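Data block for upload03.cif (mmCIF, N, CA and C atoms):
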```
data_final
#
loop_
_atom_site.label_atom_id
_atom_site.label_comp_id
_atom_site.auth_asym_id
_atom_site.auth_seq_id
_atom_site.Cartn_x
_atom_site.Cartn_y
_atom_site.Cartn_z
N MET T 1 15.23 -170.58 51.68
CA MET T 1 13.98 -171.30 51.94
C MET T 1 13.17 -171.33 50.65
N ASP T 2 12.85 -172.49 50.15
CA ASP T 2 12.05 -172.57 48.94
C ASP T 2 10.57 -172.69 49.31
N ASP T 3 9.69 -172.61 48.31
CA ASP T 3 8.25 -172.58 48.56
C ASP T 3 7.72 -173.85 49.21
N SER T 4 8.37 -174.98 49.00
CA SER T 4 7.88 -176.23 49.57
C SER T 4 8.07 -176.28 51.08
N ASP T 5 9.02 -175.47 51.63
CA ASP T 5 9.27 -175.45 53.07
C ASP T 5 8.30 -174.52 53.81
N MET T 6 7.55 -173.70 53.09
CA MET T 6 6.64 -172.75 53.73
C MET T 6 5.34 -173.44 54.12
N ASP T 7 4.86 -173.13 55.30
CA ASP T 7 3.54 -173.64 55.67
C ASP T 7 2.49 -172.60 55.30
N ASP T 8 1.22 -172.91 55.57
CA ASP T 8 0.12 -172.02 55.18
C ASP T 8 0.19 -170.67 55.87
N TRP T 9 0.62 -170.63 57.12
CA TRP T 9 0.67 -169.36 57.85
C TRP T 9 1.69 -168.42 57.23
N GLU T 10 2.85 -168.94 56.85
CA GLU T 10 3.86 -168.10 56.23
C GLU T 10 3.38 -167.58 54.87
N THR T 11 2.69 -168.44 54.13
CA THR T 11 2.15 -168.01 52.85
C THR T 11 1.11 -166.91 53.05
N TRP T 12 0.26 -167.07 54.07
CA TRP T 12 -0.75 -166.05 54.37
C TRP T 12 -0.10 -164.74 54.75
N GLU T 13 0.96 -164.79 55.55
CA GLU T 13 1.64 -163.57 55.95
C GLU T 13 2.25 -162.88 54.74
N MET T 14 2.75 -163.62 53.78
CA MET T 14 3.31 -163.01 52.58
C MET T 14 2.24 -162.26 51.82
N HIS T 15 1.04 -162.83 51.71
CA HIS T 15 -0.04 -162.16 50.99
C HIS T 15 -0.54 -160.97 51.79
N ASP T 16 -0.47 -161.05 53.09
CA ASP T 16 -0.93 -159.97 53.94
C ASP T 16 -0.04 -158.74 53.83
N GLU T 17 1.21 -158.93 53.43
CA GLU T 17 2.15 -157.81 53.33
C GLU T 17 2.01 -157.06 52.01
N ALA T 18 1.14 -157.49 51.12
CA ALA T 18 0.95 -156.80 49.85
C ALA T 18 0.39 -155.41 50.12
N ARG T 19 0.92 -154.43 49.45
CA ARG T 19 0.50 -153.04 49.64
C ARG T 19 -0.32 -152.57 48.45
N LEU T 20 -1.32 -151.77 48.74
CA LEU T 20 -2.13 -151.16 47.68
C LEU T 20 -1.65 -149.74 47.46
N SER T 21 -1.75 -149.32 46.23
CA SER T 21 -1.40 -147.94 45.94
C SER T 21 -2.50 -147.03 46.49
N PRO T 22 -2.22 -145.75 46.67
CA PRO T 22 -3.26 -144.84 47.17
C PRO T 22 -4.51 -144.84 46.28
N ARG T 23 -4.32 -144.93 44.97
CA ARG T 23 -5.47 -144.96 44.06
C ARG T 23 -6.29 -146.24 44.27
N GLU T 24 -5.62 -147.37 44.44
CA GLU T 24 -6.33 -148.64 44.68
C GLU T 24 -7.07 -148.61 46.00
N ARG T 25 -6.48 -148.02 47.02
CA ARG T 25 -7.18 -147.89 48.32
C ARG T 25 -8.42 -147.04 48.18
N LEU T 26 -8.31 -145.93 47.44
CA LEU T 26 -9.45 -145.04 47.24
C LEU T 26 -10.58 -145.77 46.51
N VAL T 27 -10.23 -146.51 45.46
CA VAL T 27 -11.24 -147.25 44.71
C VAL T 27 -11.89 -148.30 45.60
N LEU T 28 -11.09 -149.00 46.40
CA LEU T 28 -11.63 -150.02 47.31
C LEU T 28 -12.57 -149.39 48.34
N LEU T 29 -12.22 -148.26 48.89
CA LEU T 29 -13.10 -147.57 49.85
C LEU T 29 -14.40 -147.14 49.20
N GLN T 30 -14.34 -146.68 47.96
CA GLN T 30 -15.56 -146.28 47.25
C GLN T 30 -16.46 -147.48 47.01
N ILE T 31 -15.87 -148.61 46.64
CA ILE T 31 -16.67 -149.82 46.42
C ILE T 31 -17.33 -150.27 47.73
N GLU T 32 -16.57 -150.28 48.83
CA GLU T 32 -17.13 -150.68 50.12
C GLU T 32 -18.23 -149.74 50.57
N THR T 33 -18.06 -148.44 50.35
CA THR T 33 -19.09 -147.47 50.72
C THR T 33 -20.36 -147.70 49.91
N GLY T 34 -20.20 -147.96 48.62
CA GLY T 34 -21.36 -148.23 47.77
C GLY T 34 -22.10 -149.49 48.21
N LEU T 35 -21.35 -150.52 48.58
CA LEU T 35 -22.00 -151.75 49.03
C LEU T 35 -22.73 -151.56 50.36
N ARG T 36 -22.17 -150.76 51.24
CA ARG T 36 -22.85 -150.52 52.53
C ARG T 36 -24.15 -149.77 52.33
N ARG T 37 -24.21 -148.90 51.33
CA ARG T 37 -25.42 -148.10 51.09
C ARG T 37 -26.49 -148.85 50.30
N ASP T 38 -26.12 -149.91 49.63
CA ASP T 38 -27.05 -150.66 48.79
C ASP T 38 -27.92 -151.56 49.66
N ARG T 39 -29.15 -151.16 49.87
CA ARG T 39 -30.05 -151.91 50.75
C ARG T 39 -30.49 -153.23 50.11
N ARG T 40 -30.67 -153.23 48.79
CA ARG T 40 -31.06 -154.47 48.13
C ARG T 40 -29.97 -155.53 48.29
N PHE T 41 -28.72 -155.10 48.16
CA PHE T 41 -27.60 -156.03 48.33
C PHE T 41 -27.59 -156.57 49.77
N ALA T 42 -27.81 -155.69 50.73
CA ALA T 42 -27.82 -156.12 52.13
C ALA T 42 -28.94 -157.11 52.39
N ARG T 43 -30.09 -156.88 51.79
CA ARG T 43 -31.21 -157.82 51.97
C ARG T 43 -30.90 -159.16 51.34
N ARG T 44 -30.27 -159.14 50.15
CA ARG T 44 -29.93 -160.40 49.51
C ARG T 44 -28.89 -161.17 50.30
N MET T 45 -27.97 -160.48 50.93
CA MET T 45 -26.94 -161.15 51.71
C MET T 45 -27.51 -161.74 52.99
N GLY T 46 -28.62 -161.19 53.50
CA GLY T 46 -29.21 -161.67 54.74
C GLY T 46 -30.41 -162.56 54.55
N ASP T 47 -30.56 -163.18 53.39
CA ASP T 47 -31.74 -164.01 53.11
C ASP T 47 -31.86 -165.20 54.05
N GLY T 48 -30.75 -165.78 54.48
CA GLY T 48 -30.81 -166.93 55.37
C GLY T 48 -31.46 -166.59 56.70
N GLN T 49 -31.23 -165.38 57.19
CA GLN T 49 -31.83 -164.97 58.45
C GLN T 49 -33.31 -164.68 58.30
N ARG T 50 -33.75 -164.31 57.12
CA ARG T 50 -35.16 -164.03 56.90
C ARG T 50 -36.02 -165.27 57.12
N ARG T 51 -35.49 -166.42 56.82
CA ARG T 51 -36.26 -167.64 56.98
C ARG T 51 -36.27 -168.13 58.42
N LEU T 52 -35.28 -167.73 59.19
CA LEU T 52 -35.18 -168.21 60.56
C LEU T 52 -36.10 -167.47 61.52
N LEU T 53 -36.35 -166.20 61.30
CA LEU T 53 -37.14 -165.42 62.24
C LEU T 53 -38.58 -165.94 62.38
N PRO T 54 -39.30 -166.21 61.29
CA PRO T 54 -40.66 -166.77 61.48
C PRO T 54 -40.66 -168.10 62.23
N ALA T 55 -39.68 -168.95 61.93
CA ALA T 55 -39.59 -170.23 62.64
C ALA T 55 -39.28 -170.01 64.11
N ALA T 56 -38.41 -169.04 64.41
CA ALA T 56 -38.07 -168.75 65.81
C ALA T 56 -39.28 -168.23 66.56
N VAL T 57 -40.06 -167.35 65.93
CA VAL T 57 -41.26 -166.81 66.58
C VAL T 57 -42.27 -167.93 66.84
N LEU T 58 -42.43 -168.82 65.88
CA LEU T 58 -43.37 -169.93 66.05
C LEU T 58 -42.94 -170.84 67.19
N LEU T 59 -41.66 -171.21 67.21
CA LEU T 59 -41.17 -172.09 68.27
C LEU T 59 -41.23 -171.43 69.64
N LEU T 60 -40.86 -170.16 69.71
CA LEU T 60 -40.93 -169.45 71.00
C LEU T 60 -42.37 -169.32 71.48
N SER T 61 -43.30 -169.09 70.56
CA SER T 61 -44.72 -168.98 70.94
C SER T 61 -45.23 -170.30 71.49
N MET T 62 -44.89 -171.39 70.80
CA MET T 62 -45.33 -172.69 71.27
C MET T 62 -44.70 -173.04 72.62
N ALA T 63 -43.42 -172.74 72.79
CA ALA T 63 -42.75 -173.03 74.06
C ALA T 63 -43.34 -172.18 75.18
N SER T 64 -43.62 -170.91 74.90
CA SER T 64 -44.21 -170.03 75.92
C SER T 64 -45.58 -170.53 76.33
N ALA T 65 -46.40 -170.91 75.36
CA ALA T 65 -47.74 -171.41 75.68
C ALA T 65 -47.67 -172.69 76.49
N PHE T 66 -46.77 -173.59 76.12
CA PHE T 66 -46.64 -174.85 76.84
C PHE T 66 -46.17 -174.61 78.27
N VAL T 67 -45.15 -173.77 78.44
CA VAL T 67 -44.61 -173.51 79.78
C VAL T 67 -45.65 -172.79 80.63
N ALA T 68 -46.40 -171.86 80.02
CA ALA T 68 -47.44 -171.16 80.77
C ALA T 68 -48.53 -172.13 81.24
N ALA T 69 -48.97 -172.99 80.33
CA ALA T 69 -50.03 -173.94 80.69
C ALA T 69 -49.55 -174.91 81.78
N MET T 70 -48.35 -175.42 81.63
CA MET T 70 -47.83 -176.35 82.65
C MET T 70 -47.55 -175.62 83.97
N GLY T 71 -47.11 -174.38 83.89
CA GLY T 71 -46.86 -173.61 85.11
C GLY T 71 -48.14 -173.33 85.87
N ILE T 72 -49.19 -173.00 85.14
CA ILE T 72 -50.47 -172.74 85.79
C ILE T 72 -51.04 -174.04 86.36
N ARG T 73 -50.92 -175.11 85.61
CA ARG T 73 -51.48 -176.38 86.05
C ARG T 73 -50.77 -176.94 87.29
N THR T 74 -49.44 -176.84 87.32
CA THR T 74 -48.69 -177.43 88.43
C THR T 74 -48.31 -176.43 89.51
N SER T 75 -48.42 -175.15 89.23
CA SER T 75 -47.98 -174.08 90.14
C SER T 75 -46.51 -174.22 90.52
N ASP T 76 -45.72 -174.73 89.60
CA ASP T 76 -44.29 -174.89 89.83
C ASP T 76 -43.59 -173.55 89.57
N PRO T 77 -42.88 -173.00 90.57
CA PRO T 77 -42.22 -171.71 90.39
C PRO T 77 -41.17 -171.72 89.27
N ALA T 78 -40.51 -172.86 89.05
CA ALA T 78 -39.50 -172.93 87.99
C ALA T 78 -40.14 -172.74 86.62
N LEU T 79 -41.30 -173.35 86.41
CA LEU T 79 -41.99 -173.19 85.12
C LEU T 79 -42.49 -171.76 84.94
N LEU T 80 -42.98 -171.17 86.02
CA LEU T 80 -43.44 -169.78 85.93
C LEU T 80 -42.28 -168.84 85.64
N CYS T 81 -41.10 -169.12 86.20
CA CYS T 81 -39.91 -168.30 85.91
C CYS T 81 -39.47 -168.48 84.46
N CYS T 82 -39.57 -169.70 83.96
CA CYS T 82 -39.25 -169.95 82.55
C CYS T 82 -40.20 -169.16 81.64
N PHE T 83 -41.47 -169.14 82.00
CA PHE T 83 -42.43 -168.36 81.22
C PHE T 83 -42.10 -166.87 81.29
N ALA T 84 -41.72 -166.41 82.47
CA ALA T 84 -41.37 -164.99 82.64
C ALA T 84 -40.15 -164.63 81.79
N PHE T 85 -39.28 -165.58 81.52
CA PHE T 85 -38.13 -165.33 80.66
C PHE T 85 -38.51 -165.44 79.19
N LEU T 86 -39.30 -166.46 78.83
CA LEU T 86 -39.63 -166.71 77.43
C LEU T 86 -40.59 -165.70 76.83
N TRP T 87 -41.56 -165.23 77.60
CA TRP T 87 -42.60 -164.39 77.05
C TRP T 87 -42.07 -163.06 76.50
N PRO T 88 -41.24 -162.30 77.23
CA PRO T 88 -40.71 -161.06 76.64
C PRO T 88 -39.84 -161.33 75.41
N LEU T 89 -39.10 -162.41 75.42
CA LEU T 89 -38.29 -162.77 74.26
C LEU T 89 -39.19 -163.08 73.06
N THR T 90 -40.28 -163.76 73.30
CA THR T 90 -41.23 -164.08 72.24
C THR T 90 -41.85 -162.80 71.69
N LEU T 91 -42.26 -161.90 72.55
CA LEU T 91 -42.85 -160.64 72.10
C LEU T 91 -41.84 -159.81 71.30
N PHE T 92 -40.60 -159.77 71.75
CA PHE T 92 -39.57 -159.01 71.05
C PHE T 92 -39.37 -159.55 69.64
N GLN T 93 -39.27 -160.87 69.50
CA GLN T 93 -39.08 -161.47 68.18
C GLN T 93 -40.32 -161.29 67.31
N ALA T 94 -41.50 -161.34 67.91
CA ALA T 94 -42.73 -161.14 67.14
C ALA T 94 -42.81 -159.70 66.62
N VAL T 95 -42.39 -158.74 67.41
CA VAL T 95 -42.37 -157.34 66.95
C VAL T 95 -41.36 -157.18 65.82
N ARG T 96 -40.19 -157.82 65.94
CA ARG T 96 -39.21 -157.77 64.85
C ARG T 96 -39.80 -158.33 63.56
N LEU T 97 -40.52 -159.45 63.68
CA LEU T 97 -41.13 -160.06 62.51
C LEU T 97 -42.20 -159.15 61.92
N LEU T 98 -43.01 -158.56 62.76
CA LEU T 98 -44.05 -157.65 62.29
C LEU T 98 -43.45 -156.44 61.60
N CYS T 99 -42.38 -155.89 62.16
CA CYS T 99 -41.70 -154.74 61.52
C CYS T 99 -41.13 -155.13 60.17
N ARG T 100 -40.58 -156.32 60.08
CA ARG T 100 -40.01 -156.78 58.82
C ARG T 100 -41.10 -156.96 57.77
N LEU T 101 -42.26 -157.47 58.19
CA LEU T 101 -43.35 -157.69 57.24
C LEU T 101 -43.96 -156.40 56.74
N THR T 102 -44.01 -155.38 57.58
CA THR T 102 -44.65 -154.13 57.20
C THR T 102 -43.70 -153.12 56.59
N ARG T 103 -42.41 -153.43 56.60
CA ARG T 103 -41.43 -152.51 56.02
C ARG T 103 -41.62 -152.49 54.50
N GLY T 104 -41.54 -151.31 53.92
CA GLY T 104 -41.76 -151.17 52.49
C GLY T 104 -40.61 -151.68 51.66
N GLY T 105 -40.91 -152.01 50.41
CA GLY T 105 -39.87 -152.38 49.46
C GLY T 105 -39.67 -153.86 49.28
N SER T 106 -40.01 -154.68 50.23
CA SER T 106 -39.81 -156.12 50.07
C SER T 106 -41.11 -156.77 49.61
N ARG T 107 -40.97 -157.91 48.99
CA ARG T 107 -42.15 -158.63 48.51
C ARG T 107 -43.05 -159.04 49.66
N SER T 108 -42.45 -159.49 50.77
CA SER T 108 -43.27 -159.92 51.90
C SER T 108 -43.99 -158.73 52.52
N GLY T 109 -43.38 -157.55 52.49
CA GLY T 109 -44.01 -156.34 53.01
C GLY T 109 -45.20 -155.94 52.18
N GLN T 110 -45.10 -156.12 50.86
CA GLN T 110 -46.22 -155.79 49.99
C GLN T 110 -47.39 -156.72 50.25
N ARG T 111 -47.08 -158.01 50.48
CA ARG T 111 -48.16 -158.96 50.80
C ARG T 111 -48.81 -158.62 52.12
N ALA T 112 -48.03 -158.20 53.11
CA ALA T 112 -48.59 -157.88 54.42
C ALA T 112 -49.51 -156.65 54.31
N ARG T 113 -49.11 -155.66 53.52
CA ARG T 113 -49.93 -154.46 53.40
C ARG T 113 -51.23 -154.73 52.67
N GLU T 114 -51.24 -155.72 51.78
CA GLU T 114 -52.48 -156.06 51.10
C GLU T 114 -53.52 -156.56 52.09
N TRP T 115 -53.08 -157.23 53.15
CA TRP T 115 -54.01 -157.76 54.14
C TRP T 115 -54.47 -156.69 55.12
N LEU T 116 -53.72 -155.60 55.25
CA LEU T 116 -54.08 -154.58 56.25
C LEU T 116 -55.14 -153.64 55.73
#
```
Full structure transcribed into structure tokens:
Amino acid sequence: MDDSDMDDWETWEMHDEARLSPRERLVLLQIETGLRRDRRFARRMGDGQRRLLPAAVLLLSMASAFVAAMGIRTSDPALLCCFAFLWPLTLFQAVRLLCRLTRGGSRSGQRAREWL
């Protein structure tokens, strides 16, 4: 069987069978351990999620307020149940955002503490 007859899965399996020496495994484990402990690296890797949480809190707050107002106005049990579901979720996300803002070490945390 020559290389042109191999599909991608067979090629992947060949690479998957590569073995590391005990020294290479030890070095790889040390690198992974160091990366797990590096909080700055973890924050940089999660930057995309940092932008989504404030938007999620804003949208959940607006949806909760709208559903609450419409539920009170119409006395529709379905709207009141939706509010009962949305409100705790909104509070949970707002607490997560508040904890993130007040946590030390980040630029946004320093700005939040200046206001407190």
Give me the residues within 8 Å of T:Ala84 as a short mmCIF file (atom, residue, chain, number, x, y, z; two decimals) with N, CA and C atoms, in the coordinates of the input, counting only N, CA and C atoms and dropping any in the same chain fewer than 4 places off.
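Printed below is result22.cif as written:
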```
data_model
loop_
_atom_site.label_atom_id
_atom_site.label_comp_id
_atom_site.auth_asym_id
_atom_site.auth_seq_id
_atom_site.Cartn_x
_atom_site.Cartn_y
_atom_site.Cartn_z
N SER T 64 -43.62 -170.91 74.90
CA SER T 64 -44.21 -170.03 75.92
C SER T 64 -45.58 -170.53 76.33
N VAL T 67 -45.15 -173.77 78.44
CA VAL T 67 -44.61 -173.51 79.78
C VAL T 67 -45.65 -172.79 80.63
N ALA T 68 -46.40 -171.86 80.02
CA ALA T 68 -47.44 -171.16 80.77
C ALA T 68 -48.53 -172.13 81.24
N ALA T 78 -40.51 -172.86 89.05
CA ALA T 78 -39.50 -172.93 87.99
C ALA T 78 -40.14 -172.74 86.62
N LEU T 79 -41.30 -173.35 86.41
CA LEU T 79 -41.99 -173.19 85.12
C LEU T 79 -42.49 -171.76 84.94
N LEU T 80 -42.98 -171.17 86.02
CA LEU T 80 -43.44 -169.78 85.93
C LEU T 80 -42.28 -168.84 85.64
N PRO T 88 -41.24 -162.30 77.23
CA PRO T 88 -40.71 -161.06 76.64
C PRO T 88 -39.84 -161.33 75.41
N LEU T 89 -39.10 -162.41 75.42
CA LEU T 89 -38.29 -162.77 74.26
C LEU T 89 -39.19 -163.08 73.06
#
```
Which residues would end up in the selection if the PyMOL selection byres (((chain T and resi 90 and name CA) around 8) and name CA) were applied here, given that I need the answer as an mmCIF file with N, CA and C atoms, in the coordinates of the input?
```cif
data_model
loop_
_atom_site.group_PDB
_atom_site.id
_atom_site.type_symbol
_atom_site.label_atom_id
_atom_site.label_comp_id
_atom_site.auth_asym_id
_atom_site.auth_seq_id
_atom_site.Cartn_x
_atom_site.Cartn_y
_atom_site.Cartn_z
ATOM 1 N N VAL T 57 -40.060 -167.350 65.930
ATOM 2 C CA VAL T 57 -41.260 -166.810 66.580
ATOM 3 C C VAL T 57 -42.270 -167.930 66.840
ATOM 4 N N LEU T 60 -40.860 -170.160 69.710
ATOM 5 C CA LEU T 60 -40.930 -169.450 71.000
ATOM 6 C C LEU T 60 -42.370 -169.320 71.480
ATOM 7 N N SER T 61 -43.300 -169.090 70.560
ATOM 8 C CA SER T 61 -44.720 -168.980 70.940
ATOM 9 C C SER T 61 -45.230 -170.300 71.490
ATOM 10 N N SER T 64 -43.620 -170.910 74.900
ATOM 11 C CA SER T 64 -44.210 -170.030 75.920
ATOM 12 C C SER T 64 -45.580 -170.530 76.330
ATOM 13 N N LEU T 86 -39.300 -166.460 78.830
ATOM 14 C CA LEU T 86 -39.630 -166.710 77.430
ATOM 15 C C LEU T 86 -40.590 -165.700 76.830
ATOM 16 N N TRP T 87 -41.560 -165.230 77.600
ATOM 17 C CA TRP T 87 -42.600 -164.390 77.050
ATOM 18 C C TRP T 87 -42.070 -163.060 76.500
ATOM 19 N N PRO T 88 -41.240 -162.300 77.230
ATOM 20 C CA PRO T 88 -40.710 -161.060 76.640
ATOM 21 C C PRO T 88 -39.840 -161.330 75.410
ATOM 22 N N LEU T 89 -39.100 -162.410 75.420
ATOM 23 C CA LEU T 89 -38.290 -162.770 74.260
ATOM 24 C C LEU T 89 -39.190 -163.080 73.060
ATOM 25 N N LEU T 91 -42.260 -161.900 72.550
ATOM 26 C CA LEU T 91 -42.850 -160.640 72.100
ATOM 27 C C LEU T 91 -41.840 -159.810 71.300
ATOM 28 N N PHE T 92 -40.600 -159.770 71.750
ATOM 29 C CA PHE T 92 -39.570 -159.010 71.050
ATOM 30 C C PHE T 92 -39.370 -159.550 69.640
ATOM 31 N N GLN T 93 -39.270 -160.870 69.500
ATOM 32 C CA GLN T 93 -39.080 -161.470 68.180
ATOM 33 C C GLN T 93 -40.320 -161.290 67.310
ATOM 34 N N ALA T 94 -41.500 -161.340 67.910
ATOM 35 C CA ALA T 94 -42.730 -161.140 67.140
ATOM 36 C C ALA T 94 -42.810 -159.700 66.620
#
```
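The space separating atom CA of T:Leu35 from atom CA of T:Ser21 comes to 21.2 Å.
Atom CA of T:Ala42 is positioned 28.6 Å from atom CA of T:Arg19.
Take atom C of T:Pro22 and atom N of T:Arg36: the distance between them is 19.3 Å.
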Box for stretch 85-98 of chain T: with edges along x, y and z, all listed atoms inside and 5 Å added on each side, what are the centre and edge lengths in Å to one decimal, as AutoDock Vina command-line options?
```
--center_x -41.1 --center_y -161.6 --center_z 71.6 --size_x 15.9 --size_y 20.3 --size_z 29.9
```
